[in-house]
file work-v5.tsv (TSV, C-alpha atoms and all ligand atoms)
chain	number	residue	atom	x	y	z
A	1	MET	CA	0.00	0.00	0.00
A	2	LYS	CA	2.78	2.38	0.97
A	3	ASN	CA	4.47	1.70	-2.36
A	4	GLN	CA	1.20	2.36	-4.20
A	5	VAL	CA	0.80	5.69	-2.42
A	6	ARG	CA	4.42	6.57	-3.25
A	7	ALA	CA	3.94	5.53	-6.92
A	8	ILE	CA	0.77	7.63	-7.24
A	9	ALA	CA	2.57	10.53	-5.60
A	10	ALA	CA	5.48	10.20	-8.02
A	11	LEU	CA	3.05	10.21	-10.97
A	12	CYS	CA	1.24	13.29	-9.63
A	13	LEU	CA	4.53	15.05	-9.09
A	14	GLY	CA	5.72	14.12	-12.56
A	15	ALA	CA	2.52	15.48	-14.09
A	16	ALA	CA	2.75	18.59	-11.96
A	17	MET	CA	6.34	19.14	-13.08
A	18	LEU	CA	5.26	18.90	-16.72
A	19	LEU	CA	2.50	21.44	-16.19
A	20	GLY	CA	4.59	24.00	-14.36
A	21	THR	CA	8.15	24.99	-13.74
A	22	CYS	CA	9.70	24.45	-10.34
A	23	VAL	CA	11.75	27.30	-8.96
A	24	THR	CA	14.83	27.68	-11.09
A	25	GLY	CA	15.83	31.20	-10.27
A	26	ASN	CA	13.85	34.37	-10.26
A	27	ALA	CA	15.84	36.65	-12.46
A	28	ALA	CA	13.45	36.36	-15.39
A	29	ALA	CA	10.27	35.84	-13.38
A	30	SER	CA	7.30	37.88	-14.56
A	31	LYS	CA	3.51	37.60	-14.52
A	32	ASP	CA	3.69	35.78	-17.88
A	33	LYS	CA	6.51	33.50	-16.77
A	34	PRO	CA	6.03	33.21	-13.03
A	35	ILE	CA	8.12	31.34	-10.49
A	36	VAL	CA	6.01	28.30	-9.65
A	37	MET	CA	6.26	26.74	-6.19
A	38	LYS	CA	4.80	23.36	-5.30
A	39	PHE	CA	3.35	23.19	-1.80
A	40	GLY	CA	2.08	19.85	-0.45
A	41	HIS	CA	0.28	18.56	2.64
A	42	VAL	CA	-1.63	15.44	3.73
A	43	MET	CA	-5.02	16.90	4.75
A	44	SER	CA	-8.27	17.21	2.80
A	45	THR	CA	-9.39	20.52	1.29
A	46	ASP	CA	-11.83	21.31	4.13
A	47	ASN	CA	-9.07	21.20	6.77
A	48	SER	CA	-7.43	24.30	8.27
A	49	TRP	CA	-4.04	23.17	6.94
A	50	HIS	CA	-5.34	23.43	3.38
A	51	LYS	CA	-7.02	26.75	4.06
A	52	GLY	CA	-3.77	28.06	5.57
A	53	CYS	CA	-1.81	26.93	2.50
A	54	MET	CA	-4.35	28.54	0.15
A	55	LYS	CA	-4.15	31.76	2.17
A	56	PHE	CA	-0.36	31.69	1.80
A	57	ALA	CA	-0.70	31.22	-1.98
A	58	GLU	CA	-3.17	34.11	-2.19
A	59	ILE	CA	-0.98	36.50	-0.16
A	60	VAL	CA	2.13	35.63	-2.20
A	61	ARG	CA	0.21	36.20	-5.44
A	62	GLU	CA	-1.05	39.57	-4.21
A	63	LYS	CA	2.29	40.74	-2.84
A	64	THR	CA	4.22	39.77	-5.99
A	65	GLY	CA	1.56	40.79	-8.52
A	66	GLY	CA	1.45	37.17	-9.74
A	67	ARG	CA	5.24	36.91	-10.22
A	68	ILE	CA	5.35	34.00	-7.76
A	69	LYS	CA	2.65	31.35	-8.11
A	70	VAL	CA	2.15	28.80	-5.31
A	71	GLN	CA	0.37	25.59	-6.32
A	72	VAL	CA	-1.15	23.71	-3.36
A	73	PHE	CA	-1.39	19.91	-3.46
A	74	PRO	CA	-3.65	18.49	-0.69
A	75	ASN	CA	-4.46	14.87	0.26
A	76	SER	CA	-0.91	13.44	0.09
A	77	GLN	CA	-0.94	14.03	-3.71
A	78	LEU	CA	2.81	14.68	-3.56
A	79	GLY	CA	3.41	11.73	-1.20
A	80	ASP	CA	3.36	11.28	2.55
A	81	GLU	CA	5.02	13.82	4.84
A	82	ARG	CA	8.32	11.99	4.75
A	83	ASP	CA	8.34	11.89	0.93
A	84	MET	CA	7.53	15.59	0.75
A	85	ALA	CA	10.26	16.62	3.20
A	86	GLU	CA	12.73	14.49	1.23
A	87	GLY	CA	11.41	16.17	-1.93
A	88	CYS	CA	12.17	19.56	-0.34
A	89	GLN	CA	15.70	18.39	0.45
A	90	MET	CA	16.17	17.17	-3.14
A	91	GLY	CA	14.52	20.26	-4.63
A	92	THR	CA	11.66	18.43	-6.40
A	93	ILE	CA	9.07	20.07	-4.08
A	94	ASP	CA	9.25	23.62	-2.75
A	95	MET	CA	7.15	23.53	0.43
A	96	VAL	CA	5.33	21.22	2.80
A	97	ILE	CA	3.28	21.46	5.96
A	98	ILE	CA	4.72	18.70	8.09
A	99	GLY	CA	3.72	17.42	11.53
A	100	GLY	CA	5.83	15.41	13.95
A	101	ILE	CA	7.38	13.46	11.08
A	102	MET	CA	9.77	16.42	10.94
A	103	GLY	CA	11.52	14.62	13.81
A	104	ASN	CA	13.02	12.28	11.21
A	105	PHE	CA	14.79	15.26	9.62
A	106	TYR	CA	15.61	17.16	12.81
A	107	GLU	CA	15.68	14.72	15.70
A	108	PRO	CA	15.36	17.11	18.70
A	109	ILE	CA	11.84	18.05	17.60
A	110	GLN	CA	10.76	14.51	18.49
A	111	LEU	CA	10.70	15.67	22.10
A	112	PHE	CA	7.65	17.79	21.18
A	113	GLU	CA	5.73	14.64	20.18
A	114	ILE	CA	6.11	12.85	23.51
A	115	PRO	CA	2.70	12.71	25.21
A	116	TYR	CA	2.27	15.37	27.91
A	117	PHE	CA	5.62	17.00	27.06
A	118	PHE	CA	3.74	20.29	26.61
A	119	LYS	CA	1.23	21.11	29.35
A	120	ASP	CA	-1.17	22.99	27.09
A	121	ILE	CA	-1.26	25.30	24.08
A	122	ASN	CA	0.00	28.27	26.11
A	123	HIS	CA	3.11	26.28	26.95
A	124	VAL	CA	3.62	25.61	23.21
A	125	ARG	CA	3.23	29.32	22.44
A	126	LYS	CA	5.91	30.18	25.01
A	127	VAL	CA	8.34	28.07	22.97
A	128	ILE	CA	7.48	28.60	19.31
A	129	TYR	CA	6.86	32.36	19.29
A	130	VAL	CA	9.91	33.42	21.32
A	131	PRO	CA	13.67	33.53	20.54
A	132	LEU	CA	13.90	29.82	21.44
A	133	GLY	CA	11.59	29.06	18.48
A	134	GLU	CA	13.91	31.07	16.21
A	135	GLU	CA	16.96	29.22	17.58
A	136	ILE	CA	15.27	25.90	16.77
A	137	LYS	CA	14.44	27.09	13.24
A	138	ALA	CA	18.09	28.13	12.68
A	139	ASP	CA	19.31	24.76	13.92
A	140	ILE	CA	16.81	22.95	11.66
A	141	TYR	CA	18.32	24.74	8.66
A	142	LYS	CA	21.86	23.93	9.77
A	143	GLN	CA	21.14	20.26	10.35
A	144	SER	CA	18.63	19.43	7.61
A	145	GLY	CA	18.93	22.10	4.91
A	146	LEU	CA	15.19	22.74	5.33
A	147	VAL	CA	13.90	26.24	6.04
A	148	SER	CA	11.30	26.29	8.81
A	149	LEU	CA	9.28	29.38	7.94
A	150	GLU	CA	6.68	29.06	10.71
A	151	PHE	CA	5.46	26.77	13.46
A	152	TRP	CA	1.68	26.36	13.24
A	153	GLU	CA	-0.67	25.60	16.13
A	154	ARG	CA	-2.60	22.37	16.27
A	155	CYS	CA	-5.41	21.23	18.55
A	156	PRO	CA	-4.61	18.34	20.90
A	157	ARG	CA	-4.34	14.77	19.73
A	158	VAL	CA	-7.03	12.42	21.01
A	159	LEU	CA	-7.48	8.66	20.70
A	160	SER	CA	-10.09	7.02	18.47
A	161	SER	CA	-10.99	3.34	18.83
A	162	ASN	CA	-13.87	0.90	18.62
A	163	LYS	CA	-14.19	0.51	22.38
A	164	PRO	CA	-14.46	2.89	25.31
A	165	VAL	CA	-11.14	4.04	26.78
A	166	LEU	CA	-11.56	5.20	30.37
A	167	SER	CA	-8.08	4.63	31.75
A	168	VAL	CA	-4.62	3.59	30.63
A	169	GLU	CA	-5.54	-0.06	31.26
A	170	ASP	CA	-7.97	0.11	28.33
A	171	VAL	CA	-5.18	0.69	25.79
A	172	LYS	CA	-3.22	-2.39	26.85
A	173	GLY	CA	-2.23	-4.28	23.68
A	174	LEU	CA	-4.33	-1.97	21.47
A	175	LYS	CA	-3.00	-2.03	17.91
A	176	LEU	CA	-2.59	1.72	17.62
A	177	ARG	CA	-1.49	3.48	14.48
A	178	THR	CA	1.03	6.24	15.12
A	179	PRO	CA	2.98	8.49	12.75
A	180	GLU	CA	6.46	7.16	11.93
A	181	ILE	CA	8.23	8.95	14.79
A	182	PRO	CA	10.54	6.92	17.09
A	183	ALA	CA	9.69	8.95	20.24
A	184	THR	CA	5.96	8.54	19.61
A	185	VAL	CA	6.32	4.79	19.12
A	186	ALA	CA	8.40	4.48	22.32
A	187	ALA	CA	5.89	6.54	24.29
A	188	TRP	CA	2.90	4.43	23.24
A	189	LYS	CA	4.86	1.25	24.02
A	190	ALA	CA	5.51	2.63	27.50
A	191	ILE	CA	1.82	3.48	27.83
A	192	GLY	CA	1.03	-0.18	27.09
A	193	ALA	CA	-0.35	-0.05	23.53
A	194	ASN	CA	0.99	-1.93	20.52
A	195	PRO	CA	2.05	1.00	18.29
A	196	THR	CA	2.01	0.43	14.53
A	197	PRO	CA	3.59	3.29	12.58
A	198	MET	CA	2.25	4.03	9.09
A	199	PRO	CA	1.67	7.07	6.84
A	200	TRP	CA	-1.57	8.98	7.38
A	201	ALA	CA	-2.97	8.21	3.91
A	202	GLU	CA	-3.12	4.49	4.78
A	203	VAL	CA	-4.95	4.81	8.09
A	204	TYR	CA	-8.61	4.73	6.94
A	205	THR	CA	-8.12	1.50	4.98
A	206	ALA	CA	-6.08	-0.11	7.75
A	207	LEU	CA	-8.89	0.64	10.24
A	208	GLN	CA	-11.53	-0.57	7.80
A	209	GLN	CA	-9.63	-3.80	7.19
A	210	LYS	CA	-8.94	-4.10	10.94
A	211	THR	CA	-5.19	-4.42	10.55
A	212	ILE	CA	-5.13	-1.75	13.29
A	213	ASP	CA	-7.63	-1.09	16.11
A	214	ALA	CA	-7.13	2.58	16.83
A	215	GLN	CA	-5.31	5.80	15.93
A	216	GLU	CA	-4.61	9.16	17.55
A	217	ASN	CA	-4.90	12.63	16.01
A	218	PRO	CA	-6.59	16.01	16.51
A	219	LEU	CA	-10.36	15.95	15.86
A	220	ALA	CA	-10.14	17.96	12.64
A	221	THR	CA	-7.49	15.59	11.27
A	222	ILE	CA	-9.72	12.63	12.12
A	223	ALA	CA	-12.55	14.32	10.19
A	224	SER	CA	-10.21	15.14	7.32
A	225	ALA	CA	-9.83	11.40	6.54
A	226	LYS	CA	-13.38	10.46	7.66
A	227	VAL	CA	-11.91	8.15	10.30
A	228	GLU	CA	-15.10	8.55	12.37
A	229	GLU	CA	-16.82	6.30	9.79
A	230	VAL	CA	-14.70	3.38	11.01
A	231	GLN	CA	-14.25	4.24	14.71
A	232	SER	CA	-17.05	4.41	17.27
A	233	HIS	CA	-15.29	6.05	20.25
A	234	ILE	CA	-13.01	9.01	20.94
A	235	ALA	CA	-11.14	9.34	24.25
A	236	LEU	CA	-10.19	12.94	25.05
A	237	THR	CA	-6.62	12.10	26.01
A	238	ASN	CA	-5.31	15.52	24.81
A	239	HIS	CA	-1.85	13.98	24.87
A	240	VAL	CA	0.11	15.98	22.28
A	241	PHE	CA	-0.13	19.63	21.24
A	242	GLY	CA	1.71	19.30	17.93
A	243	THR	CA	3.73	21.97	16.18
A	244	PRO	CA	3.32	21.47	12.41
A	245	GLN	CA	5.87	23.41	10.43
A	246	HIS	CA	5.69	25.33	7.19
A	247	ILE	CA	8.87	24.06	5.60
A	248	MET	CA	10.58	25.35	2.48
A	249	SER	CA	13.27	23.65	0.44
A	250	GLY	CA	16.65	25.21	1.25
A	251	GLY	CA	17.46	25.23	-2.49
A	252	THR	CA	14.29	27.16	-3.32
A	253	TRP	CA	14.97	29.61	-0.50
A	254	GLU	CA	18.55	30.28	-1.58
A	255	ARG	CA	17.47	31.04	-5.14
A	256	LEU	CA	15.10	33.80	-4.04
A	257	SER	CA	16.09	37.47	-4.01
A	258	ALA	CA	16.20	39.26	-0.64
A	259	GLU	CA	12.98	41.04	-1.62
A	260	ASP	CA	11.18	37.77	-2.39
A	261	LYS	CA	12.49	36.14	0.80
A	262	ALA	CA	10.88	38.99	2.74
A	263	VAL	CA	7.58	38.48	0.88
A	264	ILE	CA	7.63	34.74	1.60
A	265	LYS	CA	8.33	35.35	5.30
A	266	GLU	CA	5.54	37.92	5.66
A	267	ALA	CA	3.08	35.71	3.78
A	268	ALA	CA	4.03	32.68	5.90
A	269	LYS	CA	3.44	34.65	9.10
A	270	GLU	CA	0.04	35.91	7.91
A	271	ALA	CA	-0.98	32.42	6.75
A	272	ARG	CA	0.08	30.97	10.11
A	273	GLU	CA	-2.08	33.49	11.99
A	274	TYR	CA	-5.02	32.73	9.71
A	275	GLN	CA	-4.64	28.96	10.09
A	276	ASN	CA	-4.26	29.16	13.86
A	277	ALA	CA	-7.46	31.16	14.25
A	278	ILE	CA	-9.58	28.74	12.22
A	279	ALA	CA	-7.96	25.57	13.64
A	280	TRP	CA	-9.46	26.09	17.08
A	281	GLU	CA	-12.93	26.88	15.69
A	282	GLU	CA	-12.68	23.83	13.45
A	283	ASP	CA	-11.86	21.55	16.39
A	284	ALA	CA	-14.93	22.68	18.37
A	285	ALA	CA	-17.20	22.40	15.32
A	286	THR	CA	-15.87	18.92	14.52
A	287	LYS	CA	-16.72	17.72	18.02
A	288	GLU	CA	-20.33	18.83	17.55
A	289	VAL	CA	-20.54	17.08	14.17
A	290	PHE	CA	-19.10	13.86	15.61
A	291	VAL	CA	-21.57	13.87	18.52
A	292	LYS	CA	-24.43	14.28	16.00
A	293	LYS	CA	-23.01	11.37	13.99
A	294	GLY	CA	-23.13	9.18	17.12
A	295	VAL	CA	-19.43	9.04	18.01
A	296	ILE	CA	-19.12	8.33	21.75
A	297	PHE	CA	-16.71	10.61	23.63
A	298	THR	CA	-15.03	9.59	26.89
A	299	GLU	CA	-12.94	11.64	29.30
A	300	PRO	CA	-10.44	9.10	30.61
A	301	ASP	CA	-8.43	9.31	33.80
A	302	LEU	CA	-5.18	10.76	32.40
A	303	SER	CA	-2.93	10.02	35.37
A	304	GLY	CA	-1.78	6.59	34.10
A	305	PHE	CA	-1.13	7.98	30.59
A	306	GLN	CA	0.90	10.83	32.04
A	307	GLU	CA	2.95	8.68	34.42
A	308	ARG	CA	3.84	6.07	31.81
A	309	SER	CA	4.81	8.56	29.13
A	310	GLN	CA	6.89	10.44	31.69
A	311	SER	CA	8.97	7.25	32.03
A	312	ILE	CA	10.60	7.82	28.62
A	313	HIS	CA	11.31	11.55	29.03
A	314	GLY	CA	14.79	10.99	30.51
A	315	GLU	CA	15.89	8.64	27.73
A	316	PHE	CA	14.72	10.94	24.93
A	317	ALA	CA	16.00	14.09	26.60
A	318	ALA	CA	19.44	12.44	26.80
A	319	ARG	CA	19.20	11.28	23.19
A	320	TYR	CA	17.89	14.48	21.59
A	321	GLY	CA	19.16	17.26	23.84
A	322	LYS	CA	18.86	17.76	27.57
A	323	GLU	CA	19.47	21.47	27.08
A	324	LEU	CA	16.47	21.87	24.76
A	325	TYR	CA	14.38	19.62	27.01
A	326	ASP	CA	15.14	21.80	30.06
A	327	LYS	CA	14.57	25.07	28.18
A	328	VAL	CA	11.13	23.90	27.01
A	329	GLN	CA	10.11	22.65	30.43
A	330	LYS	CA	11.26	25.93	32.00
A	331	ALA	CA	9.12	27.88	29.52
A	332	ALA	CA	6.01	26.46	31.19
A	333	GLU	CA	6.84	28.13	34.53
B	1	LIG	C1	-0.52	12.03	11.23
B	1	LIG	O1	-0.96	11.46	12.22
B	1	LIG	O2	0.21	11.48	10.39
B	1	LIG	C2	-0.88	13.46	11.10
B	1	LIG	O3	-2.05	13.66	10.59
B	1	LIG	C3	0.17	14.27	10.49
B	1	LIG	C4	1.25	14.35	11.50
B	1	LIG	O4	0.97	14.36	12.69
B	1	LIG	O5	2.40	14.40	11.10
call {"tool": "encode", "arguments": {"input": "work-v5.tsv", "output": "C-alpha cells"}}
result
Amino acid sequence: MKNQVRAIAALCLGAAMLLGTCVTGNAAASKDKPIVMKFGHVMSTDNSWHKGCMKFAEIVREKTGGRIKVQVFPNSQLGDERDMAEGCQMGTIDMVIIGGIMGNFYEPIQLFEIPYFFKDINHVRKVIYVPLGEEIKADIYKQSGLVSLEFWERCPRVLSSNKPVLSVEDVKGLKLRTPEIPATVAAWKAIGANPTPMPWAEVYTALQQKTIDAQENPLATIASAKVEEVQSHIALTNHVFGTPQHIMSGGTWERLSAEDKAVIKEAAKEAREYQNAIAWEEDAATKEVFVKKGVIFTEPDLSGFQERSQSIHGEFAARYGKELYDKVQKAAE
C-alpha cells in the first residue's frame, strides 16, 4: 500500500512538473513567466491546513503581482510527509506542511511529540513564538537544509478506537497506528499499547480492514480522513499539542532574491495566523458534528497515561538534547 501511495505521488509530481516549472531562479520571473512553487500537505481541502496553505498562496500572489505562483497539493498528492520533506531536500518540491514526522529530519523536535511533554497550548506558544523558536528554526536549517518558515498551532491529539477508553488499562495491547516517529512509538509502548507506525494516507483502509484497532490525532485531522466512519469512540486524552511546520526547500529559498524572501516570510506569518485562528474553531465544530453522527466521547483518567509517558522523558532528553528539554520545560513556569 505504501508503495502504491508513493507511486501515485510520483506520478502526480511528474505530471505537476510537466504542467509547471519548479523554482529555477527568479531573475526572469514575470507575470507571464512566473516562479512556480509546489506546496504539499496530507489533509483534505476542508481542513485548516489546506485553508492556511491557500491563504499563503493568495498572499504571495497579491504581494508579488502574480510573479510567484504557489500551487497547493492536498491529500498526500505529492506523497506522505516523509516523501515531501525528502522532496524539499532534493529540490523536487518547494514547500510542505509537516507534523511530527519532521523529527526524522531534525531529531530534537521529536521531544515535542512525547505525550504530555507540553502542558497545554500556552506552553507551546511560550516556545514557538519566542527567541527559542527562532533558535530551533536556525538549527533545523543547519542540520537538515530545510527552512522552517513558521510553526503552526494544532489542537490536541485524542485517541479514536472501537471501544471505550476510560483509563490507561484500556489501551493495553491496542493495535494503535502512530505516525512514523521513534519517540511517539516508544511513548505508546511505555503506555502499554501496541504502536504500529504508518503514513496517514493508509490509516482509513487499515482501520476498515482491521489491521489496526485505533489511531490518535486532533479531531479535525480525524474528520479530514473520515476516520469517524470506522471508529465508534473518541477518548479525550489531549496527549500531544503538535507543532506542524511550514517548511521550504533550502534550495528554493537560496534562489530567491532578498525582496522575495521577505515576501515569503511575511506571507508565511500571515498564513500561520489565519490557520491558527480557524484551527481552534474547526476543532470545536468537529466535536459537535461527531456527537451528532453518534461518536461516543469519553474523558479518561489521564494520570496513568501521564505517568507512563513520563517514564521515557529521561531517555529521549538524553538522546535528543537535555538542554532543549530543560529550556522547554522551563518555559512552562
Ligand atoms: C498524522 O498522524 O500522520 C498526522 O495527521 C500528520 C502528523 O501528525 O504528522
call {"tool": "residues_near_ligand", "arguments": {"input": "work-v5.tsv", "ligand": "ligand LIG 1 (chain B)", "cutoff": "7 Å", "atoms": "only C-alpha atoms and all ligand atoms", "output": "MDAnalysis selection string"}}
result
chainID A and resid 81 98:101 178:179 199:200 216:217 221
call {"tool": "residues_around", "arguments": {"input": "work-v5.tsv", "residues": "Trp188 in chain A", "least_positions_apart": "2", "cutoff": "12 Å", "atoms": "only C-alpha atoms", "output": "ChimeraX atom specification"}}
result
/A:113-116,159,168,171-179,181-186,190-197,215-216,239-240,305-312
call {"tool": "closest_residue", "arguments": {"input": "work-v5.tsv", "among": "A:Ile278, A:Ala285, A:Leu146, A:Val127", "to": "Gln89 in chain A", "atoms": "all atoms listed in the file"}}
result
A:Leu146
call {"tool": "axis_aligned_box", "arguments": {"input": "work-v5.tsv", "around": "range 220-229 of chain A", "padding_each_side": "3 Å", "output": "lines of an AutoDock Vina configuration file"}}
result
center_x = -12.2
center_y = 12.1
center_z = 9.6
size_x = 15.3
size_y = 17.7
size_z = 12.1
call {"tool": "atom_distance", "arguments": {"input": "work-v5.tsv", "atom1": "CA of Ser30 in chain A", "atom2": "CA of Asp260 in chain A"}}
result
12.8 Å
call {"tool": "residues_around", "arguments": {"input": "work-v5.tsv", "residues": "Ala138 in chain A", "least_positions_apart": "6", "cutoff": "10 Å", "atoms": "all atoms listed in the file", "output": "list in words"}}
result
Leu132, Gly145, Leu146, Val147 and Ser148 of chain A
call {"tool": "residues_around", "arguments": {"input": "work-v5.tsv", "residues": "Asp139 in chain A", "least_positions_apart": "2", "cutoff": "12 Å", "atoms": "only C-alpha atoms", "output": "list in words"}}
result
Phe105, Tyr106, Glu107, Pro108, Ile109, Leu132, Gly133, Glu134, Glu135, Ile136, Lys137, Tyr141, Lys142, Gln143, Ser144, Gly145, Leu146, Val147, Ser148 and Leu324 of chain A
call {"tool": "residues_around", "arguments": {"input": "work-v5.tsv", "residues": "range 60-73 of chain A", "least_positions_apart": "6", "cutoff": "7 Å", "atoms": "only C-alpha atoms", "output": "PDB file with C-alpha atoms, in the coordinates of the input"}}
result
ATOM      1  CA  ALA A  29      10.270  35.840 -13.380  1.00  0.00           C
ATOM      2  CA  SER A  30       7.300  37.880 -14.560  1.00  0.00           C
ATOM      3  CA  LYS A  31       3.510  37.600 -14.520  1.00  0.00           C
ATOM      4  CA  PRO A  34       6.030  33.210 -13.030  1.00  0.00           C
ATOM      5  CA  ILE A  35       8.120  31.340 -10.490  1.00  0.00           C
ATOM      6  CA  VAL A  36       6.010  28.300  -9.650  1.00  0.00           C
ATOM      7  CA  MET A  37       6.260  26.740  -6.190  1.00  0.00           C
ATOM      8  CA  LYS A  38       4.800  23.360  -5.300  1.00  0.00           C
ATOM      9  CA  PHE A  39       3.350  23.190  -1.800  1.00  0.00           C
ATOM     10  CA  GLY A  40       2.080  19.850  -0.450  1.00  0.00           C
ATOM     11  CA  HIS A  41       0.280  18.560   2.640  1.00  0.00           C
ATOM     12  CA  CYS A  53      -1.810  26.930   2.500  1.00  0.00           C
ATOM     13  CA  MET A  54      -4.350  28.540   0.150  1.00  0.00           C
ATOM     14  CA  VAL A 263       7.580  38.480   0.880  1.00  0.00           C
ATOM     15  CA  ILE A 264       7.630  34.740   1.600  1.00  0.00           C
ATOM     16  CA  ALA A 267       3.080  35.710   3.780  1.00  0.00           C
TER      17      ALA A 267
END
call {"tool": "atom_distance", "arguments": {"input": "work-v5.tsv", "atom1": "CA of Ala268 in chain A", "atom2": "CA of Phe117 in chain A"}}
result
26.4 Å
call {"tool": "residues_around", "arguments": {"input": "work-v5.tsv", "residues": "Ile128 in chain A", "least_positions_apart": "6", "cutoff": "12 Å", "atoms": "all atoms listed in the file", "output": "PDB file with C-alpha atoms, keeping the file's coordinate frame"}}
result
ATOM      1  CA  ILE A 109      11.840  18.050  17.600  1.00  0.00           C
ATOM      2  CA  PHE A 112       7.650  17.790  21.180  1.00  0.00           C
ATOM      3  CA  PHE A 118       3.740  20.290  26.610  1.00  0.00           C
ATOM      4  CA  ILE A 121      -1.260  25.300  24.080  1.00  0.00           C
ATOM      5  CA  ASN A 122       0.000  28.270  26.110  1.00  0.00           C
ATOM      6  CA  GLU A 134      13.910  31.070  16.210  1.00  0.00           C
ATOM      7  CA  GLU A 135      16.960  29.220  17.580  1.00  0.00           C
ATOM      8  CA  ILE A 136      15.270  25.900  16.770  1.00  0.00           C
ATOM      9  CA  LYS A 137      14.440  27.090  13.240  1.00  0.00           C
ATOM     10  CA  SER A 148      11.300  26.290   8.810  1.00  0.00           C
ATOM     11  CA  LEU A 149       9.280  29.380   7.940  1.00  0.00           C
ATOM     12  CA  GLU A 150       6.680  29.060  10.710  1.00  0.00           C
ATOM     13  CA  PHE A 151       5.460  26.770  13.460  1.00  0.00           C
ATOM     14  CA  TRP A 152       1.680  26.360  13.240  1.00  0.00           C
ATOM     15  CA  GLU A 153      -0.670  25.600  16.130  1.00  0.00           C
ATOM     16  CA  PHE A 241      -0.130  19.630  21.240  1.00  0.00           C
ATOM     17  CA  GLY A 242       1.710  19.300  17.930  1.00  0.00           C
ATOM     18  CA  THR A 243       3.730  21.970  16.180  1.00  0.00           C
ATOM     19  CA  PRO A 244       3.320  21.470  12.410  1.00  0.00           C
ATOM     20  CA  GLN A 245       5.870  23.410  10.430  1.00  0.00           C
ATOM     21  CA  LYS A 327      14.570  25.070  28.180  1.00  0.00           C
ATOM     22  CA  VAL A 328      11.130  23.900  27.010  1.00  0.00           C
ATOM     23  CA  ALA A 331       9.120  27.880  29.520  1.00  0.00           C
TER      24      ALA A 331
END
call {"tool": "closest_residue", "arguments": {"input": "work-v5.tsv", "among": "A:Glu333, A:Glu259, A:Glu229, A:Asp80", "to": "Ile97 in chain A", "atoms": "all atoms listed in the file"}}
result
A:Asp80
call {"tool": "atom_distance", "arguments": {"input": "work-v5.tsv", "atom1": "CA of Ala223 in chain A", "atom2": "CA of Thr286 in chain A"}}
result
7.1 Å
call {"tool": "closest_residue", "arguments": {"input": "work-v5.tsv", "among": "A:Ala332, A:Ala258, A:Leu111, A:Leu236", "to": "Glu315 in chain A", "atoms": "only C-alpha atoms"}}
result
A:Leu111
call {"tool": "closest_residue", "arguments": {"input": "work-v5.tsv", "among": "A:Val42, A:Arg157, A:Ile140, A:Asp301", "to": "Glu202 in chain A", "atoms": "only C-alpha atoms"}}
result
A:Val42
call {"tool": "closest_atom_pairs", "arguments": {"input": "work-v5.tsv", "of": "range 73-126 of chain A", "to": "range 43-48 of chain A", "cutoff": "9 Å", "atoms": "only C-alpha atoms", "output": "Markdown table"}}
result
| residue | atom | partner | partner_atom | distance |
| --- | --- | --- | --- | --- |
| A:Pro74 | CA | A:Met43 | CA | 5.8 |
| A:Asn75 | CA | A:Met43 | CA | 5.0 |
| A:Ser76 | CA | A:Met43 | CA | 7.1 |
call {"tool": "closest_residue", "arguments": {"input": "work-v5.tsv", "among": "A:Gly103, A:Ile93, A:Trp280, A:Asp83", "to": "Tyr320 in chain A", "atoms": "only C-alpha atoms"}}
result
A:Gly103
call {"tool": "closest_residue", "arguments": {"input": "work-v5.tsv", "among": "A:Lys261, A:Asp120, A:Asp32, A:Ala187", "to": "His313 in chain A", "atoms": "all atoms listed in the file"}}
result
A:Ala187
